[in-house]
>>> print(open('run-v4.tsv').read())   # TSV, C-alpha atoms and all ligand atoms
chain	number	residue	atom	x	y	z
A	42	MET	CA	0.00	0.00	0.00
A	43	ASP	CA	1.31	3.48	-0.70
A	44	ASP	CA	1.22	6.34	1.76
A	45	ILE	CA	-0.90	8.80	-0.12
A	46	GLN	CA	-3.79	9.73	2.14
A	47	ASP	CA	-6.63	12.14	1.80
A	48	GLU	CA	-6.51	14.38	4.85
A	49	ASN	CA	-10.28	14.58	4.87
A	50	ALA	CA	-10.79	10.84	4.67
A	51	PRO	CA	-12.46	9.50	7.81
A	52	THR	CA	-10.29	7.50	10.18
A	53	SER	CA	-11.18	3.85	10.67
A	54	LEU	CA	-12.61	4.78	14.07
A	55	GLU	CA	-14.90	7.35	12.47
A	56	THR	CA	-15.92	4.87	9.79
A	57	VAL	CA	-16.87	2.21	12.32
A	58	GLU	CA	-18.68	4.72	14.54
A	59	ARG	CA	-20.70	6.00	11.58
A	60	ALA	CA	-21.69	2.46	10.62
A	61	MET	CA	-22.71	1.80	14.24
A	62	ASP	CA	-24.79	4.98	14.34
A	63	LYS	CA	-26.49	4.08	11.08
A	64	ALA	CA	-27.35	0.57	12.25
A	65	ALA	CA	-28.63	1.96	15.56
A	66	ALA	CA	-30.81	4.53	13.79
A	67	LEU	CA	-32.27	1.85	11.51
A	68	ALA	CA	-33.21	-0.17	14.57
A	69	GLY	CA	-34.62	2.85	16.38
A	70	ARG	CA	-31.98	2.60	19.09
A	71	GLU	CA	-30.03	5.33	20.90
A	72	ASN	CA	-26.39	5.11	19.92
A	73	GLU	CA	-25.21	6.03	23.42
A	74	ASN	CA	-26.49	2.66	24.59
A	75	ILE	CA	-23.92	0.88	22.41
A	76	SER	CA	-20.24	0.63	23.35
A	77	LEU	CA	-17.48	0.03	20.83
A	78	ILE	CA	-14.71	-2.12	22.29
A	79	ALA	CA	-11.54	-1.80	20.21
A	80	ILE	CA	-10.01	-5.28	20.27
A	81	SER	CA	-6.28	-4.61	20.42
A	82	LYS	CA	-4.96	-8.19	20.69
A	83	THR	CA	-1.68	-8.62	18.79
A	84	ARG	CA	-1.40	-4.82	18.31
A	85	MET	CA	1.59	-2.91	19.61
A	86	ALA	CA	1.31	0.27	21.66
A	87	GLU	CA	2.27	2.27	18.53
A	88	GLU	CA	-0.88	1.00	16.82
A	89	ILE	CA	-3.06	1.72	19.84
A	90	LEU	CA	-1.84	5.28	20.50
A	91	PRO	CA	-3.59	6.84	17.46
A	92	LEU	CA	-6.96	5.61	18.77
A	93	LEU	CA	-6.18	7.01	22.21
A	94	GLY	CA	-5.25	10.25	20.47
A	95	GLU	CA	-8.67	10.30	18.82
A	96	GLY	CA	-10.24	10.03	22.25
A	97	HIS	CA	-11.15	6.35	22.28
A	98	ARG	CA	-10.80	4.76	25.73
A	99	LEU	CA	-12.50	1.36	25.58
A	100	PHE	CA	-10.30	-1.58	24.61
A	101	GLY	CA	-10.37	-5.37	24.74
A	102	GLU	CA	-7.72	-8.07	24.90
A	103	ASN	CA	-7.90	-11.84	24.77
A	104	ARG	CA	-4.83	-12.82	26.77
A	105	VAL	CA	-3.91	-11.92	30.34
A	106	GLN	CA	-0.17	-12.04	29.71
A	107	GLU	CA	-0.29	-9.83	26.64
A	108	ALA	CA	-2.55	-7.32	28.39
A	109	ALA	CA	-0.22	-7.23	31.41
A	110	GLU	CA	2.70	-6.39	29.14
A	111	LYS	CA	0.96	-3.64	27.18
A	112	TRP	CA	-1.59	-1.79	29.25
A	113	PRO	CA	-0.04	-0.61	32.54
A	114	GLU	CA	2.18	1.78	30.61
A	115	LEU	CA	-0.68	3.09	28.45
A	116	ARG	CA	-2.84	3.49	31.52
A	117	ALA	CA	-0.17	5.55	33.23
A	118	GLU	CA	-0.60	8.01	30.38
A	119	TYR	CA	-4.39	7.75	29.97
A	120	SER	CA	-5.95	7.10	33.36
A	121	ASP	CA	-9.51	6.75	32.04
A	122	ILE	CA	-8.89	3.69	29.88
A	123	GLU	CA	-11.38	0.86	30.34
A	124	LEU	CA	-10.03	-2.60	29.57
A	125	HIS	CA	-12.19	-5.65	28.84
A	126	MET	CA	-11.15	-9.31	28.77
A	127	VAL	CA	-12.77	-11.10	25.83
A	128	GLY	CA	-10.69	-14.28	25.51
A	129	GLN	CA	-10.74	-17.65	27.21
A	130	LEU	CA	-9.57	-17.33	30.77
A	131	GLN	CA	-7.73	-19.96	32.79
A	132	SER	CA	-8.77	-20.25	36.41
A	133	ASN	CA	-5.18	-19.89	37.59
A	134	LYS	CA	-5.06	-16.42	35.98
A	135	ALA	CA	-8.13	-15.18	37.86
A	136	ASP	CA	-6.21	-12.99	40.34
A	137	GLU	CA	-4.21	-11.35	37.59
A	138	ALA	CA	-7.32	-10.86	35.45
A	139	ILE	CA	-9.23	-9.21	38.30
A	140	ALA	CA	-6.33	-6.82	38.88
A	141	LEU	CA	-6.00	-5.91	35.19
A	142	PHE	CA	-9.47	-5.83	33.69
A	143	ASP	CA	-12.58	-3.72	34.31
A	144	VAL	CA	-15.01	-6.18	32.72
A	145	ILE	CA	-14.74	-9.90	31.86
A	146	HIS	CA	-16.74	-11.25	28.89
A	147	SER	CA	-15.68	-14.90	28.99
A	148	VAL	CA	-17.09	-16.51	32.13
A	149	ASP	CA	-18.12	-19.95	30.93
A	150	ARG	CA	-17.68	-22.72	33.49
A	151	PRO	CA	-18.03	-23.51	37.20
A	152	SER	CA	-14.29	-23.70	38.00
A	153	LEU	CA	-13.77	-20.22	36.56
A	154	VAL	CA	-16.77	-18.80	38.44
A	155	LYS	CA	-15.32	-20.08	41.72
A	156	ALA	CA	-11.84	-18.74	40.92
A	157	LEU	CA	-13.19	-15.31	39.92
A	158	GLY	CA	-15.41	-15.10	42.99
A	159	LYS	CA	-12.44	-15.85	45.21
A	160	ALA	CA	-10.18	-13.42	43.35
A	161	MET	CA	-12.72	-10.58	43.60
A	162	GLN	CA	-13.17	-11.15	47.30
A	163	LYS	CA	-9.41	-11.26	47.89
A	164	ALA	CA	-8.85	-8.06	45.92
A	165	ASN	CA	-11.98	-6.45	47.37
A	166	ARG	CA	-12.90	-5.49	43.82
A	167	SER	CA	-16.13	-6.24	42.00
A	168	VAL	CA	-15.62	-6.76	38.26
A	169	PRO	CA	-18.77	-6.92	36.11
A	170	CYS	CA	-18.97	-10.07	34.00
A	171	PHE	CA	-20.64	-11.51	30.95
A	172	ILE	CA	-21.34	-15.20	30.57
A	173	GLN	CA	-20.05	-16.47	27.25
A	174	ILE	CA	-22.51	-18.81	25.57
A	175	ASN	CA	-21.47	-21.40	23.00
A	176	ILE	CA	-24.40	-20.22	20.95
A	177	GLY	CA	-23.84	-22.53	17.96
A	178	GLU	CA	-23.28	-25.55	20.26
A	179	GLU	CA	-19.91	-26.07	18.53
A	180	GLU	CA	-17.76	-28.80	19.99
A	181	GLN	CA	-14.40	-27.07	19.76
A	182	LYS	CA	-15.59	-23.69	20.99
A	183	GLY	CA	-15.42	-22.10	24.43
A	184	GLY	CA	-18.55	-20.95	26.17
A	185	CYS	CA	-21.22	-22.34	28.40
A	186	GLY	CA	-23.79	-24.65	26.79
A	187	ILE	CA	-27.20	-23.05	26.40
A	188	ALA	CA	-28.75	-25.63	28.71
A	189	ASP	CA	-26.10	-24.96	31.37
A	190	LEU	CA	-26.82	-21.24	31.63
A	191	PRO	CA	-29.38	-21.32	34.48
A	192	GLY	CA	-27.06	-23.44	36.65
A	193	LEU	CA	-24.06	-21.24	35.95
A	194	LEU	CA	-26.04	-18.10	36.81
A	195	THR	CA	-27.02	-19.61	40.14
A	196	LEU	CA	-23.40	-20.46	40.83
A	197	CYS	CA	-22.31	-16.89	39.97
A	198	GLU	CA	-24.77	-15.55	42.50
A	199	LYS	CA	-23.50	-17.95	45.13
A	200	HIS	CA	-19.88	-16.95	44.56
A	201	GLY	CA	-20.48	-13.21	44.29
A	202	VAL	CA	-19.67	-12.92	40.58
A	203	PRO	CA	-21.77	-10.04	39.22
A	204	VAL	CA	-23.23	-11.05	35.85
A	205	GLN	CA	-24.63	-8.23	33.73
A	206	GLY	CA	-25.02	-9.86	30.36
A	207	LEU	CA	-24.30	-12.56	27.80
A	208	MET	CA	-21.60	-12.78	25.17
A	209	CYS	CA	-21.19	-14.95	22.07
A	210	VAL	CA	-19.10	-15.61	18.99
A	211	PRO	CA	-21.40	-17.23	16.42
A	212	PRO	CA	-20.19	-20.02	14.12
A	213	LEU	CA	-17.90	-18.91	11.29
A	214	ASP	CA	-19.34	-18.66	7.80
A	215	LEU	CA	-22.98	-18.87	8.86
A	216	GLU	CA	-25.48	-16.04	8.88
A	217	PRO	CA	-24.97	-14.63	12.40
A	218	SER	CA	-28.32	-12.90	12.98
A	219	PRO	CA	-30.26	-15.97	14.21
A	220	TYR	CA	-27.50	-16.59	16.78
A	221	PHE	CA	-27.56	-12.97	17.92
A	222	ALA	CA	-31.33	-13.18	18.27
A	223	LEU	CA	-31.05	-16.36	20.31
A	224	LEU	CA	-28.50	-14.73	22.64
A	225	ALA	CA	-30.78	-11.70	23.04
A	226	GLN	CA	-33.67	-13.96	23.90
A	227	LYS	CA	-31.67	-15.85	26.55
A	228	ALA	CA	-30.53	-12.57	28.12
A	229	LYS	CA	-34.10	-11.33	28.26
A	230	VAL	CA	-35.36	-14.53	29.88
A	231	HIS	CA	-32.81	-14.10	32.66
A	232	GLY	CA	-33.25	-10.36	33.05
A	233	LEU	CA	-29.70	-9.55	31.94
A	234	PRO	CA	-29.42	-6.07	30.41
A	235	LEU	CA	-26.17	-6.34	28.42
A	236	LEU	CA	-25.30	-8.15	25.18
A	237	SER	CA	-21.71	-8.49	23.94
A	238	MET	CA	-21.99	-9.55	20.31
A	239	GLY	CA	-20.79	-8.49	16.88
A	240	MET	CA	-17.25	-8.25	15.46
A	241	SER	CA	-15.76	-6.52	12.40
A	242	ALA	CA	-17.72	-8.59	9.90
A	243	ASP	CA	-21.10	-8.50	11.60
A	244	PHE	CA	-21.36	-5.67	14.14
A	245	GLU	CA	-24.09	-3.86	12.22
A	246	ALA	CA	-26.33	-6.92	12.33
A	247	ALA	CA	-25.57	-7.27	16.06
A	248	VAL	CA	-26.47	-3.63	16.73
A	249	LYS	CA	-29.80	-4.07	14.96
A	250	ILE	CA	-30.57	-7.06	17.20
A	251	GLY	CA	-29.70	-5.29	20.44
A	252	ALA	CA	-25.94	-5.51	21.08
A	253	THR	CA	-24.84	-3.18	23.89
A	254	HIS	CA	-21.15	-3.99	23.38
A	255	ILE	CA	-19.57	-4.73	20.01
A	256	ARG	CA	-16.02	-6.09	19.82
A	257	VAL	CA	-14.19	-4.78	16.77
A	258	GLY	CA	-10.56	-5.49	15.88
A	259	SER	CA	-9.58	-5.66	12.24
A	260	ALA	CA	-12.02	-2.97	11.04
A	261	LEU	CA	-10.13	-0.54	13.32
A	262	PHE	CA	-6.55	-1.79	13.14
A	263	GLY	CA	-6.37	-3.60	9.79
A	264	ALA	CA	-6.08	-7.34	9.18
A	265	ARG	CA	-4.21	-9.42	11.74
A	266	ASN	CA	-1.34	-11.61	10.57
A	301	LIG	C1	-10.41	-11.09	17.98
A	301	LIG	C2	-11.73	-11.01	18.60
A	301	LIG	C3	-12.66	-10.04	18.20
A	301	LIG	C4	-12.42	-9.05	17.08
A	301	LIG	O1	-12.40	-9.70	15.85
A	301	LIG	P1	-12.36	-8.86	14.47
A	301	LIG	O2	-12.91	-9.81	13.49
A	301	LIG	O3	-10.93	-8.54	14.24
A	301	LIG	O4	-13.19	-7.65	14.64
A	301	LIG	C5	-13.87	-10.01	18.87
A	301	LIG	N1	-14.16	-10.87	19.88
A	301	LIG	C6	-13.28	-11.80	20.28
A	301	LIG	C7	-13.67	-12.71	21.38
A	301	LIG	C8	-12.05	-11.91	19.67
A	301	LIG	O5	-11.19	-12.85	20.07
>>> encode(input="run-v4.tsv", output="structure tokens")
Amino acid sequence: MDDIQDENAPTSLETVERAMDKAAALAGRENENISLIAISKTRMAEEILPLLGEGHRLFGENRVQEAAEKWPELRAEYSDIELHMVGQLQSNKADEAIALFDVIHSVDRPSLVKALGKAMQKANRSVPCFIQINIGEEEQKGGCGIADLPGLLTLCEKHGVPVQGLMCVPPLDLEPSPYFALLAQKAKVHGLPLLSMGMSADFEAAVKIGATHIRVGSALFGARN
């Protein structure tokens, strides 16, 4: 790619925000009820700084170790950053995750619920969580089975893990809207107000179906290697 750039061309952040606004308007939703999480996994600080410069403060990572290496320094400079964990979480990283992240999207099994409950109590810090649902019932994929959701919610209550919503990653290469609609329905049944769904390829569809948090990486930062 060459370097010639139109100074008036919108930045990728502006482009994504406009698309979000348009999808929200079509669905008759208020755009302030929808949060854009910039998924910065695999991106270096140099790639993240332009977004911070544009005023964006909400970011997501999928690995504890990578987040621990990148974000303390950026946070020292921008104290109002909000960092979300969107990747699979090992129970033995619960303490570190509770110290690093402001929200966790990937609570999906009893052992993790117990570890997070303990970690929050130890740190005296309450971190809002989403339960990740394996919405396509895919064998290889993380997430709680749809049938296991009621039991996991009960366990979260017992262990003091505050659940505010549901999260999913629908099956690749299938029309995502039916899966988003199913997630929205499950959240409604359980009285959970938040929905983390929609990525670069499908966030507009997710917004139309009620996403409160969309997780967008490549549309903001370019393709990952
Ligand atoms: C990487 C990732 C995203 C962002 O994916 P893009 O297609 O780059 O927008 C969203 N959610 C999760 C859980 C991810 O791991």
>>> atom_distance(input="run-v4.tsv", atom1="atom C5 of ligand LIG 301 (chain A)", atom2="CA of Leu233 in chain A")
20.5 Å
>>> residues_near_ligand(input="run-v4.tsv", ligand="ligand LIG 301 (chain A)", cutoff="10 Å", atoms="all atoms listed in the file", output="ChimeraX atom specification")
/A:78-83,101-104,126-129,146-147,173,208-210,237-244,255-265
>>> closest_residue(input="run-v4.tsv", among="A:Met85, A:Thr195, A:Arg150, A:Leu223", to="Gly183 in chain A", atoms="all atoms listed in the file")
A:Arg150
>>> closest_residue(input="run-v4.tsv", among="A:Thr52, A:Gln162, A:Ser152, A:Ser218", to="Gly177 in chain A", atoms="only C-alpha atoms")
A:Ser218
>>> closest_atom_pairs(input="run-v4.tsv", of="range 166-253 of chain A", to="range 61-68 of chain A", cutoff="8 Å", atoms="only C-alpha atoms", output="Markdown table")
| residue | atom | partner | partner_atom | distance |
| --- | --- | --- | --- | --- |
| A:Phe244 | CA | A:Met61 | CA | 7.6 |
| A:Glu245 | CA | A:Ala64 | CA | 5.5 |
| A:Ala246 | CA | A:Ala64 | CA | 7.6 |
| A:Val248 | CA | A:Ala65 | CA | 6.1 |
| A:Lys249 | CA | A:Ala68 | CA | 5.2 |
| A:Ile250 | CA | A:Ala68 | CA | 7.8 |
>>> write_last_selection(input="run-v4.tsv", atoms="C-alpha atoms", output="PDB file, keeping the file's coordinate frame")
ATOM      1  CA  PHE A 244     -21.360  -5.670  14.140  1.00  0.00           C
ATOM      2  CA  GLU A 245     -24.090  -3.860  12.220  1.00  0.00           C
ATOM      3  CA  ALA A 246     -26.330  -6.920  12.330  1.00  0.00           C
ATOM      4  CA  VAL A 248     -26.470  -3.630  16.730  1.00  0.00           C
ATOM      5  CA  LYS A 249     -29.800  -4.070  14.960  1.00  0.00           C
ATOM      6  CA  ILE A 250     -30.570  -7.060  17.200  1.00  0.00           C
TER       7      ILE A 250
END
>>> closest_residue(input="run-v4.tsv", among="A:Phe221, A:Glu95, A:Pro203, A:Glu216", to="Pro51 in chain A", atoms="only C-alpha atoms")
A:Glu95
>>> atom_distance(input="run-v4.tsv", atom1="CA of Val204 in chain A", atom2="CA of Val105 in chain A")
20.1 Å
>>> closest_residue(input="run-v4.tsv", among="A:Trp112, A:Phe142, A:Phe100, A:Tyr220", to="His254 in chain A", atoms="all atoms listed in the file")
A:Phe100
>>> atom_distance(input="run-v4.tsv", atom1="CA of Ala222 in chain A", atom2="CA of Glu178 in chain A")
14.9 Å
>>> residues_around(input="run-v4.tsv", residues="Tyr119 in chain A", least_positions_apart="6", cutoff="12 Å", atoms="only C-alpha atoms", output="mmCIF file with C-alpha atoms, in the coordinates of the input")
data_model
loop_
_atom_site.group_PDB
_atom_site.id
_atom_site.type_symbol
_atom_site.label_atom_id
_atom_site.label_comp_id
_atom_site.auth_asym_id
_atom_site.auth_seq_id
_atom_site.Cartn_x
_atom_site.Cartn_y
_atom_site.Cartn_z
ATOM 1 C CA ILE A 89 -3.060 1.720 19.840
ATOM 2 C CA LEU A 90 -1.840 5.280 20.500
ATOM 3 C CA LEU A 92 -6.960 5.610 18.770
ATOM 4 C CA LEU A 93 -6.180 7.010 22.210
ATOM 5 C CA GLY A 94 -5.250 10.250 20.470
ATOM 6 C CA GLY A 96 -10.240 10.030 22.250
ATOM 7 C CA HIS A 97 -11.150 6.350 22.280
ATOM 8 C CA ARG A 98 -10.800 4.760 25.730
ATOM 9 C CA LEU A 99 -12.500 1.360 25.580
ATOM 10 C CA TRP A 112 -1.590 -1.790 29.250
ATOM 11 C CA PRO A 113 -0.040 -0.610 32.540
#
>>> residues_near_point(input="run-v4.tsv", point="(-25.0, -22.6, 34.9)", cutoff="12 Å", atoms="all atoms listed in the file", output="VMD selection string")
chain A and resid 148 to 154 172 to 174 184 to 199 204 231
>>> closest_residue(input="run-v4.tsv", among="A:Gln181, A:Lys163, A:Ala60, A:Pro234", to="Leu207 in chain A", atoms="all atoms listed in the file")
A:Pro234
>>> closest_residue(input="run-v4.tsv", among="A:His125, A:Asn72, A:Leu157, A:Leu141", to="Gln106 in chain A", atoms="all atoms listed in the file")
A:Leu141
>>> axis_aligned_box(input="run-v4.tsv", around="range 155-158 of chain A", padding_each_side="6 Å", output="AutoDock Vina command-line options")
--center_x -13.6 --center_y -17.6 --center_z 41.5 --size_x 15.6 --size_y 17.0 --size_z 15.1
